[in-house]
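**Q** Mind having a look at this structure? Questions to follow.
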Protein chains: 2
Amino acid sequence: MASVTLPTIRFLQQPTSQAWVEQAIASLNVVLLDHSHCERKAAGVALNLLFRYPAQSKLVHLLTTVAQEELMHFEQVNQWLERRGIALGPLPAPPYGSGLSAQVRRCEPERLLDSLLICGLIEARSHERLGLLAAYCPDSNLAKFYQSLVASEARHYGVYWTLADTYFERSTVAQRLEELAQVESRLLAALRPEPRMHS
Amino acid sequence: MASVTLPTIRFLQQPTSQAWVEQAIASLNVVLLDHSHCERKAAGVALNLLFRYPAQSKLVHLLTTVAQEELMHFEQVNQWLERRGIALGPLPAPPYGSGLSAQVRRCEPERLLDSLLICGLIEARSHERLGLLAAYCPDSNLAKFYQSLVASEARHYGVYWTLADTYFERSTVAQRLEELAQVESRLLAALRPEPRMHS
């Protein structure tokens with residue numbers, strides 16, 4: 001498989017390996033099912049933040065839009081599953097999400113900062129990987145669908161970064177982002193046996 | 001306050017009292033803030049059901065749409081709050097939601113049936129009360145907004161009933177619905193001191 005050079009994604013310490021791309025393209029149906037779970041989880045995470053910080057009007061407003069978009073993508077991915085005859089169902093998650101959640105400090109306001117930055121990093125990684133799937137996917141219609149999601153994911157990581165920048169000093173944000181981005185890249189450093197959006 | 005006769009809502013054992021209407025109209029700002037929380041919680045409940053039953057494609061499809069609509073209403077109610085200068089913020093919930101949740105049996109498939117019917121009852125009550133607010137609200141623009149939500153709430157209780165009818169025998173659904181509807185009406189029988197959508 002020839003390598004395609006995509007622009008480096010801001011925030012991410014290490015780009016996704018070509019080995020992940022090859023594994024994902026060889027297991028597109030599993031990756032699609034996992035993608036459905038990812039979109040649903042992303043909506044859930046945005047909604048949980050709304051529940052946790054009901055008085056922060058900017059956060060409430062921006063994350064309501066994010067949650068709505070994630071639900072729209074969830075529905076779209078599910079239509080792809082149906083088109084390809086893949087049954088909806090559970091799928092064991094890779095350790096990526098729990099590994100990142102373990103980094104969230106328990107006390108406020110650190111908990112808010114870490115939550116926002118981790119959501120931003122996950123969106124940034126999704127943005128990068130959807131771009132890779134769009135570039136390599138042999139089904140041109142599915143590739144177009146992946147490409148259509150790339151811009152939204154970029155907007156979402158922009159939202160999380162904007163919120164972090166709203167509630168915290170920029171230097172504090174930058175320092176913690178670098179720490180968390182290192183953890184994020186480390187969690188993806190070795191290719192795992194199960195093909196997932198974030199494996 | 002002159003009483004307006006509205007059509008009786010299917011599912012509900014007892015109609016809302018005139019005393020609730022008077023209390024709510026006298027405390028519209030608090031009721032609006034509570035309404036915002038209700039829409040957010042309704043989106044959260046629909047999403048939780050998606051998480052709990054990821055393999056039930058009809059449920060997943062219909063409740064994705066419900067969650068999207070609830071989020072749209074949440075955003076709309078929040079715009080009303082902003083227009084009226086009401087700050088977003090927490091508000092203690094009345095015992096209605098926890099009283100209904102306590103009725104959910106722990107084992108499947110009863111848990112699913114009870115969850116669907118309770119969601120349907122809450123939507124039916126919201127439908128009834130939004131209709132009352134539309135009829136009595138002295139602010140004609142806000143009344144129009146309430147009226148615009150009435151049809152969605154009816155559609156949502158239709159969705160929950162349809163899902164119950166999909167996964168369970170109709171006689172089982174009807175019997176359990178009657179039991180839960182009695183609890184629901186009992187929880188609202190006495191006017192509570194705090195004005196809420198479901199107090």
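Scheme for the structure tokens: letters A, B, ... for chains in order shown; per-chain residue numbers from 1; ligand numbers from 1 in order shown.
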Chain A residues within 9 Å of chain B, counting only C-alpha atoms: which ones, as a PDB file with all heavy atoms, in the first residue's frame?

**A**
ATOM      1  N   HIS A  37     -19.916   3.118  17.389  1.00  0.00           N
ATOM      2  CA  HIS A  37     -19.804   3.258  18.850  1.00  0.00           C
ATOM      3  C   HIS A  37     -19.090   4.563  19.227  1.00  0.00           C
ATOM      4  O   HIS A  37     -19.453   5.219  20.196  1.00  0.00           O
ATOM      5  CB  HIS A  37     -19.060   2.060  19.440  1.00  0.00           C
ATOM      6  CG  HIS A  37     -19.877   0.797  19.409  1.00  0.00           C
ATOM      7  ND1 HIS A  37     -20.962   0.598  20.217  1.00  0.00           N
ATOM      8  CD2 HIS A  37     -19.782  -0.314  18.640  1.00  0.00           C
ATOM      9  CE1 HIS A  37     -21.493  -0.597  19.960  1.00  0.00           C
ATOM     10  NE2 HIS A  37     -20.798  -1.165  19.004  1.00  0.00           N
ATOM     11  N   ARG A  40     -21.445   7.541  18.975  1.00  0.00           N
ATOM     12  CA  ARG A  40     -22.407   7.521  20.083  1.00  0.00           C
ATOM     13  C   ARG A  40     -21.717   7.944  21.385  1.00  0.00           C
ATOM     14  O   ARG A  40     -22.253   8.756  22.148  1.00  0.00           O
ATOM     15  CB  ARG A  40     -22.962   6.091  20.220  1.00  0.00           C
ATOM     16  CG  ARG A  40     -24.208   5.989  21.035  1.00  0.00           C
ATOM     17  CD  ARG A  40     -24.457   4.542  21.416  1.00  0.00           C
ATOM     18  NE  ARG A  40     -23.283   4.000  22.087  1.00  0.00           N
ATOM     19  CZ  ARG A  40     -22.979   2.711  22.189  1.00  0.00           C
ATOM     20  NH1 ARG A  40     -23.748   1.811  21.637  1.00  0.00           N
ATOM     21  NH2 ARG A  40     -21.902   2.319  22.825  1.00  0.00           N
ATOM     22  N   LYS A  41     -20.519   7.413  21.592  1.00  0.00           N
ATOM     23  CA  LYS A  41     -19.785   7.784  22.817  1.00  0.00           C
ATOM     24  C   LYS A  41     -19.430   9.265  22.814  1.00  0.00           C
ATOM     25  O   LYS A  41     -19.477   9.927  23.852  1.00  0.00           O
ATOM     26  CB  LYS A  41     -18.500   6.953  22.947  1.00  0.00           C
ATOM     27  CG  LYS A  41     -18.750   5.528  23.389  1.00  0.00           C
ATOM     28  CD  LYS A  41     -17.411   4.791  23.531  1.00  0.00           C
ATOM     29  CE  LYS A  41     -17.541   3.332  23.170  1.00  0.00           C
ATOM     30  NZ  LYS A  41     -16.240   2.672  22.972  1.00  0.00           N
ATOM     31  N   ALA A  43     -21.104  11.674  21.466  1.00  0.00           N
ATOM     32  CA  ALA A  43     -22.323  12.411  21.839  1.00  0.00           C
ATOM     33  C   ALA A  43     -22.540  12.309  23.348  1.00  0.00           C
ATOM     34  O   ALA A  43     -22.873  13.298  24.015  1.00  0.00           O
ATOM     35  CB  ALA A  43     -23.535  11.849  21.087  1.00  0.00           C
ATOM     36  N   GLY A  44     -22.317  11.118  23.897  1.00  0.00           N
ATOM     37  CA  GLY A  44     -22.506  10.901  25.339  1.00  0.00           C
ATOM     38  C   GLY A  44     -21.551  11.738  26.172  1.00  0.00           C
ATOM     39  O   GLY A  44     -21.935  12.310  27.193  1.00  0.00           O
ATOM     40  N   LEU A  47     -22.634  15.344  26.131  1.00  0.00           N
ATOM     41  CA  LEU A  47     -23.820  15.496  26.974  1.00  0.00           C
ATOM     42  C   LEU A  47     -23.452  15.424  28.459  1.00  0.00           C
ATOM     43  O   LEU A  47     -23.976  16.188  29.278  1.00  0.00           O
ATOM     44  CB  LEU A  47     -24.825  14.401  26.622  1.00  0.00           C
ATOM     45  CG  LEU A  47     -26.286  14.738  26.841  1.00  0.00           C
ATOM     46  CD1 LEU A  47     -26.720  15.879  25.940  1.00  0.00           C
ATOM     47  CD2 LEU A  47     -27.149  13.513  26.550  1.00  0.00           C
ATOM     48  N   ASN A  48     -22.530  14.532  28.800  1.00  0.00           N
ATOM     49  CA  ASN A  48     -22.100  14.439  30.206  1.00  0.00           C
ATOM     50  C   ASN A  48     -21.476  15.747  30.675  1.00  0.00           C
ATOM     51  O   ASN A  48     -21.670  16.149  31.823  1.00  0.00           O
ATOM     52  CB  ASN A  48     -21.079  13.308  30.395  1.00  0.00           C
ATOM     53  CG  ASN A  48     -21.763  11.958  30.431  1.00  0.00           C
ATOM     54  OD1 ASN A  48     -22.967  11.873  30.650  1.00  0.00           O
ATOM     55  ND2 ASN A  48     -21.000  10.909  30.208  1.00  0.00           N
ATOM     56  N   LEU A  50     -22.265  18.700  29.559  1.00  0.00           N
ATOM     57  CA  LEU A  50     -23.414  19.605  29.764  1.00  0.00           C
ATOM     58  C   LEU A  50     -24.046  19.381  31.132  1.00  0.00           C
ATOM     59  O   LEU A  50     -24.482  20.313  31.799  1.00  0.00           O
ATOM     60  CB  LEU A  50     -24.536  19.336  28.753  1.00  0.00           C
ATOM     61  CG  LEU A  50     -24.328  19.582  27.276  1.00  0.00           C
ATOM     62  CD1 LEU A  50     -25.625  19.333  26.528  1.00  0.00           C
ATOM     63  CD2 LEU A  50     -23.893  21.012  27.068  1.00  0.00           C
ATOM     64  N   PHE A  51     -24.134  18.104  31.523  1.00  0.00           N
ATOM     65  CA  PHE A  51     -24.745  17.765  32.815  1.00  0.00           C
ATOM     66  C   PHE A  51     -23.870  18.235  33.962  1.00  0.00           C
ATOM     67  O   PHE A  51     -24.355  18.669  34.986  1.00  0.00           O
ATOM     68  CB  PHE A  51     -24.945  16.244  32.930  1.00  0.00           C
ATOM     69  CG  PHE A  51     -26.257  15.772  32.385  1.00  0.00           C
ATOM     70  CD1 PHE A  51     -26.457  15.668  31.011  1.00  0.00           C
ATOM     71  CD2 PHE A  51     -27.302  15.433  33.226  1.00  0.00           C
ATOM     72  CE1 PHE A  51     -27.680  15.242  30.500  1.00  0.00           C
ATOM     73  CE2 PHE A  51     -28.524  15.002  32.722  1.00  0.00           C
ATOM     74  CZ  PHE A  51     -28.709  14.898  31.350  1.00  0.00           C
ATOM     75  N   TYR A  53     -21.571  20.702  33.965  1.00  0.00           N
ATOM     76  CA  TYR A  53     -21.342  22.157  34.059  1.00  0.00           C
ATOM     77  C   TYR A  53     -22.548  22.930  33.515  1.00  0.00           C
ATOM     78  O   TYR A  53     -22.423  23.686  32.541  1.00  0.00           O
ATOM     79  CB  TYR A  53     -20.060  22.529  33.304  1.00  0.00           C
ATOM     80  CG  TYR A  53     -18.868  21.718  33.759  1.00  0.00           C
ATOM     81  CD1 TYR A  53     -18.411  20.632  33.021  1.00  0.00           C
ATOM     82  CD2 TYR A  53     -18.234  21.998  34.980  1.00  0.00           C
ATOM     83  CE1 TYR A  53     -17.343  19.851  33.461  1.00  0.00           C
ATOM     84  CE2 TYR A  53     -17.166  21.227  35.424  1.00  0.00           C
ATOM     85  CZ  TYR A  53     -16.724  20.156  34.659  1.00  0.00           C
ATOM     86  OH  TYR A  53     -15.681  19.388  35.102  1.00  0.00           O
ATOM     87  N   PRO A  54     -23.732  22.759  34.154  1.00  0.00           N
ATOM     88  CA  PRO A  54     -24.960  23.336  33.580  1.00  0.00           C
ATOM     89  C   PRO A  54     -25.001  24.856  33.611  1.00  0.00           C
ATOM     90  O   PRO A  54     -25.837  25.454  32.930  1.00  0.00           O
ATOM     91  CB  PRO A  54     -26.061  22.740  34.463  1.00  0.00           C
ATOM     92  CG  PRO A  54     -25.395  22.447  35.760  1.00  0.00           C
ATOM     93  CD  PRO A  54     -23.986  22.053  35.422  1.00  0.00           C
ATOM     94  N   ALA A  55     -24.098  25.490  34.379  1.00  0.00           N
ATOM     95  CA  ALA A  55     -24.149  26.955  34.489  1.00  0.00           C
ATOM     96  C   ALA A  55     -23.190  27.653  33.525  1.00  0.00           C
ATOM     97  O   ALA A  55     -23.191  28.877  33.432  1.00  0.00           O
ATOM     98  CB  ALA A  55     -23.843  27.370  35.926  1.00  0.00           C
ATOM     99  N   GLN A  56     -22.364  26.896  32.804  1.00  0.00           N
ATOM    100  CA  GLN A  56     -21.380  27.504  31.889  1.00  0.00           C
ATOM    101  C   GLN A  56     -22.032  27.642  30.521  1.00  0.00           C
ATOM    102  O   GLN A  56     -21.990  26.715  29.705  1.00  0.00           O
ATOM    103  CB  GLN A  56     -20.127  26.624  31.799  1.00  0.00           C
ATOM    104  CG  GLN A  56     -19.477  26.306  33.135  1.00  0.00           C
ATOM    105  CD  GLN A  56     -18.846  27.532  33.784  1.00  0.00           C
ATOM    106  OE1 GLN A  56     -18.872  28.624  33.226  1.00  0.00           O
ATOM    107  NE2 GLN A  56     -18.317  27.381  34.978  1.00  0.00           N
ATOM    108  N   SER A  57     -22.589  28.832  30.257  1.00  0.00           N
ATOM    109  CA  SER A  57     -23.453  28.942  29.077  1.00  0.00           C
ATOM    110  C   SER A  57     -22.711  28.727  27.753  1.00  0.00           C
ATOM    111  O   SER A  57     -23.254  28.127  26.832  1.00  0.00           O
ATOM    112  CB  SER A  57     -24.213  30.269  29.087  1.00  0.00           C
ATOM    113  OG  SER A  57     -23.301  31.320  29.091  1.00  0.00           O
ATOM    114  N   VAL A  60     -22.261  25.036  27.416  1.00  0.00           N
ATOM    115  CA  VAL A  60     -23.562  24.400  27.159  1.00  0.00           C
ATOM    116  C   VAL A  60     -23.952  24.611  25.692  1.00  0.00           C
ATOM    117  O   VAL A  60     -24.341  23.665  24.996  1.00  0.00           O
ATOM    118  CB  VAL A  60     -24.642  24.955  28.115  1.00  0.00           C
ATOM    119  CG1 VAL A  60     -26.040  24.548  27.659  1.00  0.00           C
ATOM    120  CG2 VAL A  60     -24.385  24.469  29.541  1.00  0.00           C
ATOM    121  N   HIS A  61     -23.799  25.832  25.230  1.00  0.00           N
ATOM    122  CA  HIS A  61     -24.209  26.127  23.859  1.00  0.00           C
ATOM    123  C   HIS A  61     -23.354  25.360  22.840  1.00  0.00           C
ATOM    124  O   HIS A  61     -23.881  24.679  21.952  1.00  0.00           O
ATOM    125  CB  HIS A  61     -24.119  27.642  23.616  1.00  0.00           C
ATOM    126  CG  HIS A  61     -24.347  28.019  22.196  1.00  0.00           C
ATOM    127  ND1 HIS A  61     -25.558  27.815  21.576  1.00  0.00           N
ATOM    128  CD2 HIS A  61     -23.514  28.539  21.260  1.00  0.00           C
ATOM    129  CE1 HIS A  61     -25.465  28.206  20.315  1.00  0.00           C
ATOM    130  NE2 HIS A  61     -24.244  28.648  20.101  1.00  0.00           N
ATOM    131  N   THR A  64     -23.818  21.489  23.003  1.00  0.00           N
ATOM    132  CA  THR A  64     -25.117  21.024  22.486  1.00  0.00           C
ATOM    133  C   THR A  64     -24.992  20.791  20.982  1.00  0.00           C
ATOM    134  O   THR A  64     -25.451  19.763  20.452  1.00  0.00           O
ATOM    135  CB  THR A  64     -26.221  22.070  22.761  1.00  0.00           C
ATOM    136  OG1 THR A  64     -26.294  22.299  24.170  1.00  0.00           O
ATOM    137  CG2 THR A  64     -27.583  21.579  22.293  1.00  0.00           C
ATOM    138  N   THR A  65     -24.345  21.726  20.296  1.00  0.00           N
ATOM    139  CA  THR A  65     -24.146  21.579  18.848  1.00  0.00           C
ATOM    140  C   THR A  65     -23.259  20.375  18.539  1.00  0.00           C
ATOM    141  O   THR A  65     -23.545  19.600  17.619  1.00  0.00           O
ATOM    142  CB  THR A  65     -23.504  22.869  18.276  1.00  0.00           C
ATOM    143  OG1 THR A  65     -24.319  23.968  18.684  1.00  0.00           O
ATOM    144  CG2 THR A  65     -23.442  22.836  16.772  1.00  0.00           C
ATOM    145  N   ALA A  67     -22.880  17.660  20.348  1.00  0.00           N
ATOM    146  CA  ALA A  67     -23.646  16.425  20.602  1.00  0.00           C
ATOM    147  C   ALA A  67     -24.627  16.161  19.458  1.00  0.00           C
ATOM    148  O   ALA A  67     -24.787  15.015  19.019  1.00  0.00           O
ATOM    149  CB  ALA A  67     -24.387  16.526  21.941  1.00  0.00           C
ATOM    150  N   GLN A  68     -25.261  17.221  18.962  1.00  0.00           N
ATOM    151  CA  GLN A  68     -26.209  17.038  17.847  1.00  0.00           C
ATOM    152  C   GLN A  68     -25.488  16.497  16.610  1.00  0.00           C
ATOM    153  O   GLN A  68     -25.985  15.600  15.934  1.00  0.00           O
ATOM    154  CB  GLN A  68     -26.881  18.373  17.502  1.00  0.00           C
ATOM    155  CG  GLN A  68     -27.965  18.751  18.507  1.00  0.00           C
ATOM    156  CD  GLN A  68     -28.531  20.139  18.223  1.00  0.00           C
ATOM    157  OE1 GLN A  68     -27.778  21.107  18.150  1.00  0.00           O
ATOM    158  NE2 GLN A  68     -29.832  20.236  18.075  1.00  0.00           N
ATOM    159  N   GLU A  69     -24.309  17.059  16.331  1.00  0.00           N
ATOM    160  CA  GLU A  69     -23.568  16.605  15.149  1.00  0.00           C
ATOM    161  C   GLU A  69     -23.087  15.165  15.311  1.00  0.00           C
ATOM    162  O   GLU A  69     -23.117  14.386  14.363  1.00  0.00           O
ATOM    163  CB  GLU A  69     -22.375  17.541  14.870  1.00  0.00           C
ATOM    164  CG  GLU A  69     -22.839  18.888  14.346  1.00  0.00           C
ATOM    165  CD  GLU A  69     -21.688  19.807  13.940  1.00  0.00           C
ATOM    166  OE1 GLU A  69     -20.514  19.381  14.004  1.00  0.00           O
ATOM    167  OE2 GLU A  69     -21.980  20.948  13.565  1.00  0.00           O
ATOM    168  N   LEU A  71     -24.560  12.859  16.976  1.00  0.00           N
ATOM    169  CA  LEU A  71     -25.722  11.985  16.779  1.00  0.00           C
ATOM    170  C   LEU A  71     -26.066  11.866  15.295  1.00  0.00           C
ATOM    171  O   LEU A  71     -26.473  10.794  14.831  1.00  0.00           O
ATOM    172  CB  LEU A  71     -26.931  12.516  17.565  1.00  0.00           C
ATOM    173  CG  LEU A  71     -26.885  12.248  19.064  1.00  0.00           C
ATOM    174  CD1 LEU A  71     -28.035  12.955  19.772  1.00  0.00           C
ATOM    175  CD2 LEU A  71     -26.952  10.736  19.351  1.00  0.00           C
ATOM    176  N   MET A  72     -25.888  12.942  14.556  1.00  0.00           N
ATOM    177  CA  MET A  72     -26.142  12.881  13.113  1.00  0.00           C
ATOM    178  C   MET A  72     -25.131  11.924  12.454  1.00  0.00           C
ATOM    179  O   MET A  72     -25.506  11.081  11.645  1.00  0.00           O
ATOM    180  CB  MET A  72     -26.018  14.283  12.514  1.00  0.00           C
ATOM    181  CG  MET A  72     -26.516  14.395  11.099  1.00  0.00           C
ATOM    182  SD  MET A  72     -26.427  16.120  10.552  1.00  0.00           S
ATOM    183  CE  MET A  72     -24.652  16.340  10.390  1.00  0.00           C
ATOM    184  N   PHE A  74     -23.568   9.492  13.952  1.00  0.00           N
ATOM    185  CA  PHE A  74     -23.925   8.147  14.448  1.00  0.00           C
ATOM    186  C   PHE A  74     -24.988   7.539  13.528  1.00  0.00           C
ATOM    187  O   PHE A  74     -24.846   6.396  13.060  1.00  0.00           O
ATOM    188  CB  PHE A  74     -24.457   8.287  15.885  1.00  0.00           C
ATOM    189  CG  PHE A  74     -24.963   7.016  16.510  1.00  0.00           C
ATOM    190  CD1 PHE A  74     -24.136   5.913  16.669  1.00  0.00           C
ATOM    191  CD2 PHE A  74     -26.278   6.931  16.959  1.00  0.00           C
ATOM    192  CE1 PHE A  74     -24.616   4.750  17.267  1.00  0.00           C
ATOM    193  CE2 PHE A  74     -26.760   5.778  17.552  1.00  0.00           C
ATOM    194  CZ  PHE A  74     -25.924   4.682  17.708  1.00  0.00           C
ATOM    195  N   GLU A  75     -26.008   8.312  13.233  1.00  0.00           N
ATOM    196  CA  GLU A  75     -27.081   7.848  12.346  1.00  0.00           C
ATOM    197  C   GLU A  75     -26.519   7.541  10.943  1.00  0.00           C
ATOM    198  O   GLU A  75     -26.870   6.527  10.344  1.00  0.00           O
ATOM    199  CB  GLU A  75     -28.161   8.947  12.275  1.00  0.00           C
ATOM    200  CG  GLU A  75     -29.384   8.614  11.460  1.00  0.00           C
ATOM    201  CD  GLU A  75     -30.244   7.516  12.043  1.00  0.00           C
ATOM    202  OE1 GLU A  75     -30.136   7.225  13.251  1.00  0.00           O
ATOM    203  OE2 GLU A  75     -31.025   6.926  11.265  1.00  0.00           O
ATOM    204  N   ASN A  78     -24.531   4.381  11.001  1.00  0.00           N
ATOM    205  CA  ASN A  78     -25.451   3.239  11.091  1.00  0.00           C
ATOM    206  C   ASN A  78     -26.109   2.927   9.745  1.00  0.00           C
ATOM    207  O   ASN A  78     -26.378   1.765   9.445  1.00  0.00           O
ATOM    208  CB  ASN A  78     -26.510   3.497  12.172  1.00  0.00           C
ATOM    209  CG  ASN A  78     -25.896   3.470  13.559  1.00  0.00           C
ATOM    210  OD1 ASN A  78     -24.765   2.991  13.723  1.00  0.00           O
ATOM    211  ND2 ASN A  78     -26.611   3.969  14.541  1.00  0.00           N
ATOM    212  N   ALA A  87     -24.611  -6.087  11.263  1.00  0.00           N
ATOM    213  CA  ALA A  87     -25.571  -5.923  12.361  1.00  0.00           C
ATOM    214  C   ALA A  87     -24.996  -5.004  13.432  1.00  0.00           C
ATOM    215  O   ALA A  87     -23.805  -5.079  13.761  1.00  0.00           O
ATOM    216  CB  ALA A  87     -25.900  -7.282  12.964  1.00  0.00           C
ATOM    217  N   LEU A  88     -25.856  -4.135  13.967  1.00  0.00           N
ATOM    218  CA  LEU A  88     -25.464  -3.342  15.136  1.00  0.00           C
ATOM    219  C   LEU A  88     -25.177  -4.300  16.289  1.00  0.00           C
ATOM    220  O   LEU A  88     -25.805  -5.352  16.389  1.00  0.00           O
ATOM    221  CB  LEU A  88     -26.620  -2.430  15.549  1.00  0.00           C
ATOM    222  CG  LEU A  88     -26.899  -1.200  14.692  1.00  0.00           C
ATOM    223  CD1 LEU A  88     -28.097  -0.440  15.255  1.00  0.00           C
ATOM    224  CD2 LEU A  88     -25.682  -0.284  14.690  1.00  0.00           C
ATOM    225  N   GLY A  89     -24.280  -3.928  17.148  1.00  0.00           N
ATOM    226  CA  GLY A  89     -24.023  -4.793  18.296  1.00  0.00           C
ATOM    227  C   GLY A  89     -22.836  -4.295  19.076  1.00  0.00           C
ATOM    228  O   GLY A  89     -22.117  -3.400  18.620  1.00  0.00           O
ATOM    229  N   PRO A  90     -22.634  -4.868  20.263  1.00  0.00           N
ATOM    230  CA  PRO A  90     -21.497  -4.412  21.076  1.00  0.00           C
ATOM    231  C   PRO A  90     -20.161  -4.843  20.469  1.00  0.00           C
ATOM    232  O   PRO A  90     -20.119  -5.761  19.651  1.00  0.00           O
ATOM    233  CB  PRO A  90     -21.741  -5.096  22.426  1.00  0.00           C
ATOM    234  CG  PRO A  90     -22.671  -6.225  22.149  1.00  0.00           C
ATOM    235  CD  PRO A  90     -23.425  -5.915  20.890  1.00  0.00           C
TER     236      PRO A  90
END

**Q** I need the residues in stretch 2-193 of chain B that are alpha helix (DSSP H) according to DSSP; give them as a PyMOL selection string.

**A** chain B and resi 18-26+28-52+57-83+96-101+110-136+140-167+170-187

**Q** Mind checking which residues fall within 7 Å of stretch 12-17 of chain B, counting only C-alpha atoms, ignoring those fewer than 3 positions away in the same chain, and posting them as an MDAnalysis selection string?

**A** chainID B and resid 9 20:21 181:182 185

**Q** Based on the selection just made, write C-alpha atoms of those residues as a compact mmCIF listing (two decimals), in the first residue's frame.

**A**
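New file selection26.txt:
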# COMPACT_ATOMS: atom_id res chain seq x y z
CA ILE B 9 -53.97 12.72 26.91
CA TRP B 20 -50.33 23.44 38.96
CA VAL B 21 -51.19 25.66 36.00
CA ALA B 181 -49.52 5.40 34.84
CA GLN B 182 -51.16 5.10 38.25
CA SER B 185 -50.43 10.34 38.45

**Q** For the atom pair atom CA of B:Pro109 and atom CA of B:Gly158, what is the interatomic distance in Å to one decimal place?

**A**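 Between these atoms lies a distance of 20.2 Å.
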
**Q** Residues near A:Pro92, anyone? I mean within 10 Å using only C-alpha atoms, not counting same-chain ones fewer than 2 positions away, as a list in words.

**A**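 Once the adjacent positions are removed, what remains is Asp34, Pro90, Pro94, Pro95, Glu194 and Arg196 of chain A.
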
**Q** Quick one: write out the picked residues with C-alpha atoms as a PDB file, in the first residue's frame?

**A**
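And here is the file that came out, selection31.pdb:
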ATOM      1  CA  ASP A  34     -16.472   0.617  16.035  1.00  0.00           C
ATOM      2  CA  PRO A  90     -21.497  -4.412  21.076  1.00  0.00           C
ATOM      3  CA  PRO A  94      -9.633  -0.718  22.966  1.00  0.00           C
ATOM      4  CA  PRO A  95      -7.785   0.625  26.059  1.00  0.00           C
ATOM      5  CA  GLU A 194      -8.110  -5.650  17.252  1.00  0.00           C
ATOM      6  CA  ARG A 196     -10.518  -0.058  15.945  1.00  0.00           C
TER       7      ARG A 196
END

**Q** Please provide as JSON, numbers by chain all residues within 12 Å of A:Leu142, with the sequence filter that same-chain residues fewer than 3 positions apart are discarded (counting only C-alpha atoms).

**A** {"A": [25, 28, 29, 32, 76, 77, 79, 80, 81, 83, 84, 130, 131, 133, 134, 135, 136, 137, 138, 139, 145, 146, 147, 148, 149]}

**Q** Find the residues near A:Gln103: any atom within 8 Å, counting only C-alpha atoms, skip ones fewer than 2 places away on the same chain, and give them as a JSON list (two decimals) with N, CA and C atoms, in the first residue's frame.

**A**
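Result file is around-v8.json:
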[["chain", "number", "residue", "atom", "x", "y", "z"],
["A", 99, "GLY", "N", -7.66, 4.62, 29.04],
["A", 99, "GLY", "CA", -6.30, 5.11, 29.30],
["A", 99, "GLY", "C", -6.27, 6.64, 29.39],
["A", 100, "LEU", "N", -7.04, 7.29, 28.53],
["A", 100, "LEU", "CA", -7.10, 8.75, 28.57],
["A", 100, "LEU", "C", -7.91, 9.23, 29.77],
["A", 101, "SER", "N", -9.04, 8.56, 30.03],
["A", 101, "SER", "CA", -9.87, 8.96, 31.18],
["A", 101, "SER", "C", -9.10, 8.89, 32.50],
["A", 105, "ARG", "N", -7.74, 14.58, 36.22],
["A", 105, "ARG", "CA", -7.60, 14.84, 37.65],
["A", 105, "ARG", "C", -8.97, 15.01, 38.28],
["A", 114, "ASP", "N", -8.81, 18.97, 32.02],
["A", 114, "ASP", "CA", -8.39, 17.67, 31.47],
["A", 114, "ASP", "C", -9.47, 17.07, 30.59],
["A", 180, "LEU", "N", -0.82, 15.63, 27.99],
["A", 180, "LEU", "CA", -1.87, 14.68, 27.62],
["A", 180, "LEU", "C", -1.66, 14.15, 26.20]]

**Q** Between atom CA of B:His35 and atom CA of B:Leu117, what is the distance, to one decimal in Å?

**A** 20.7 Å

**Q** Near stretch 126-129 of chain A, counting only C-alpha atoms, which residues have an atom at most 6 Å away, once you skip same-chain residues fewer than 4 positions from it, shown as a list of chain:residue names?

**A** A:Val150, A:Glu153, A:Ala154

**Q** Between atom CA of A:Val66 and atom CA of B:Leu63, what distance in Å does the model show, to one decimal?

**A** 17.5 Å
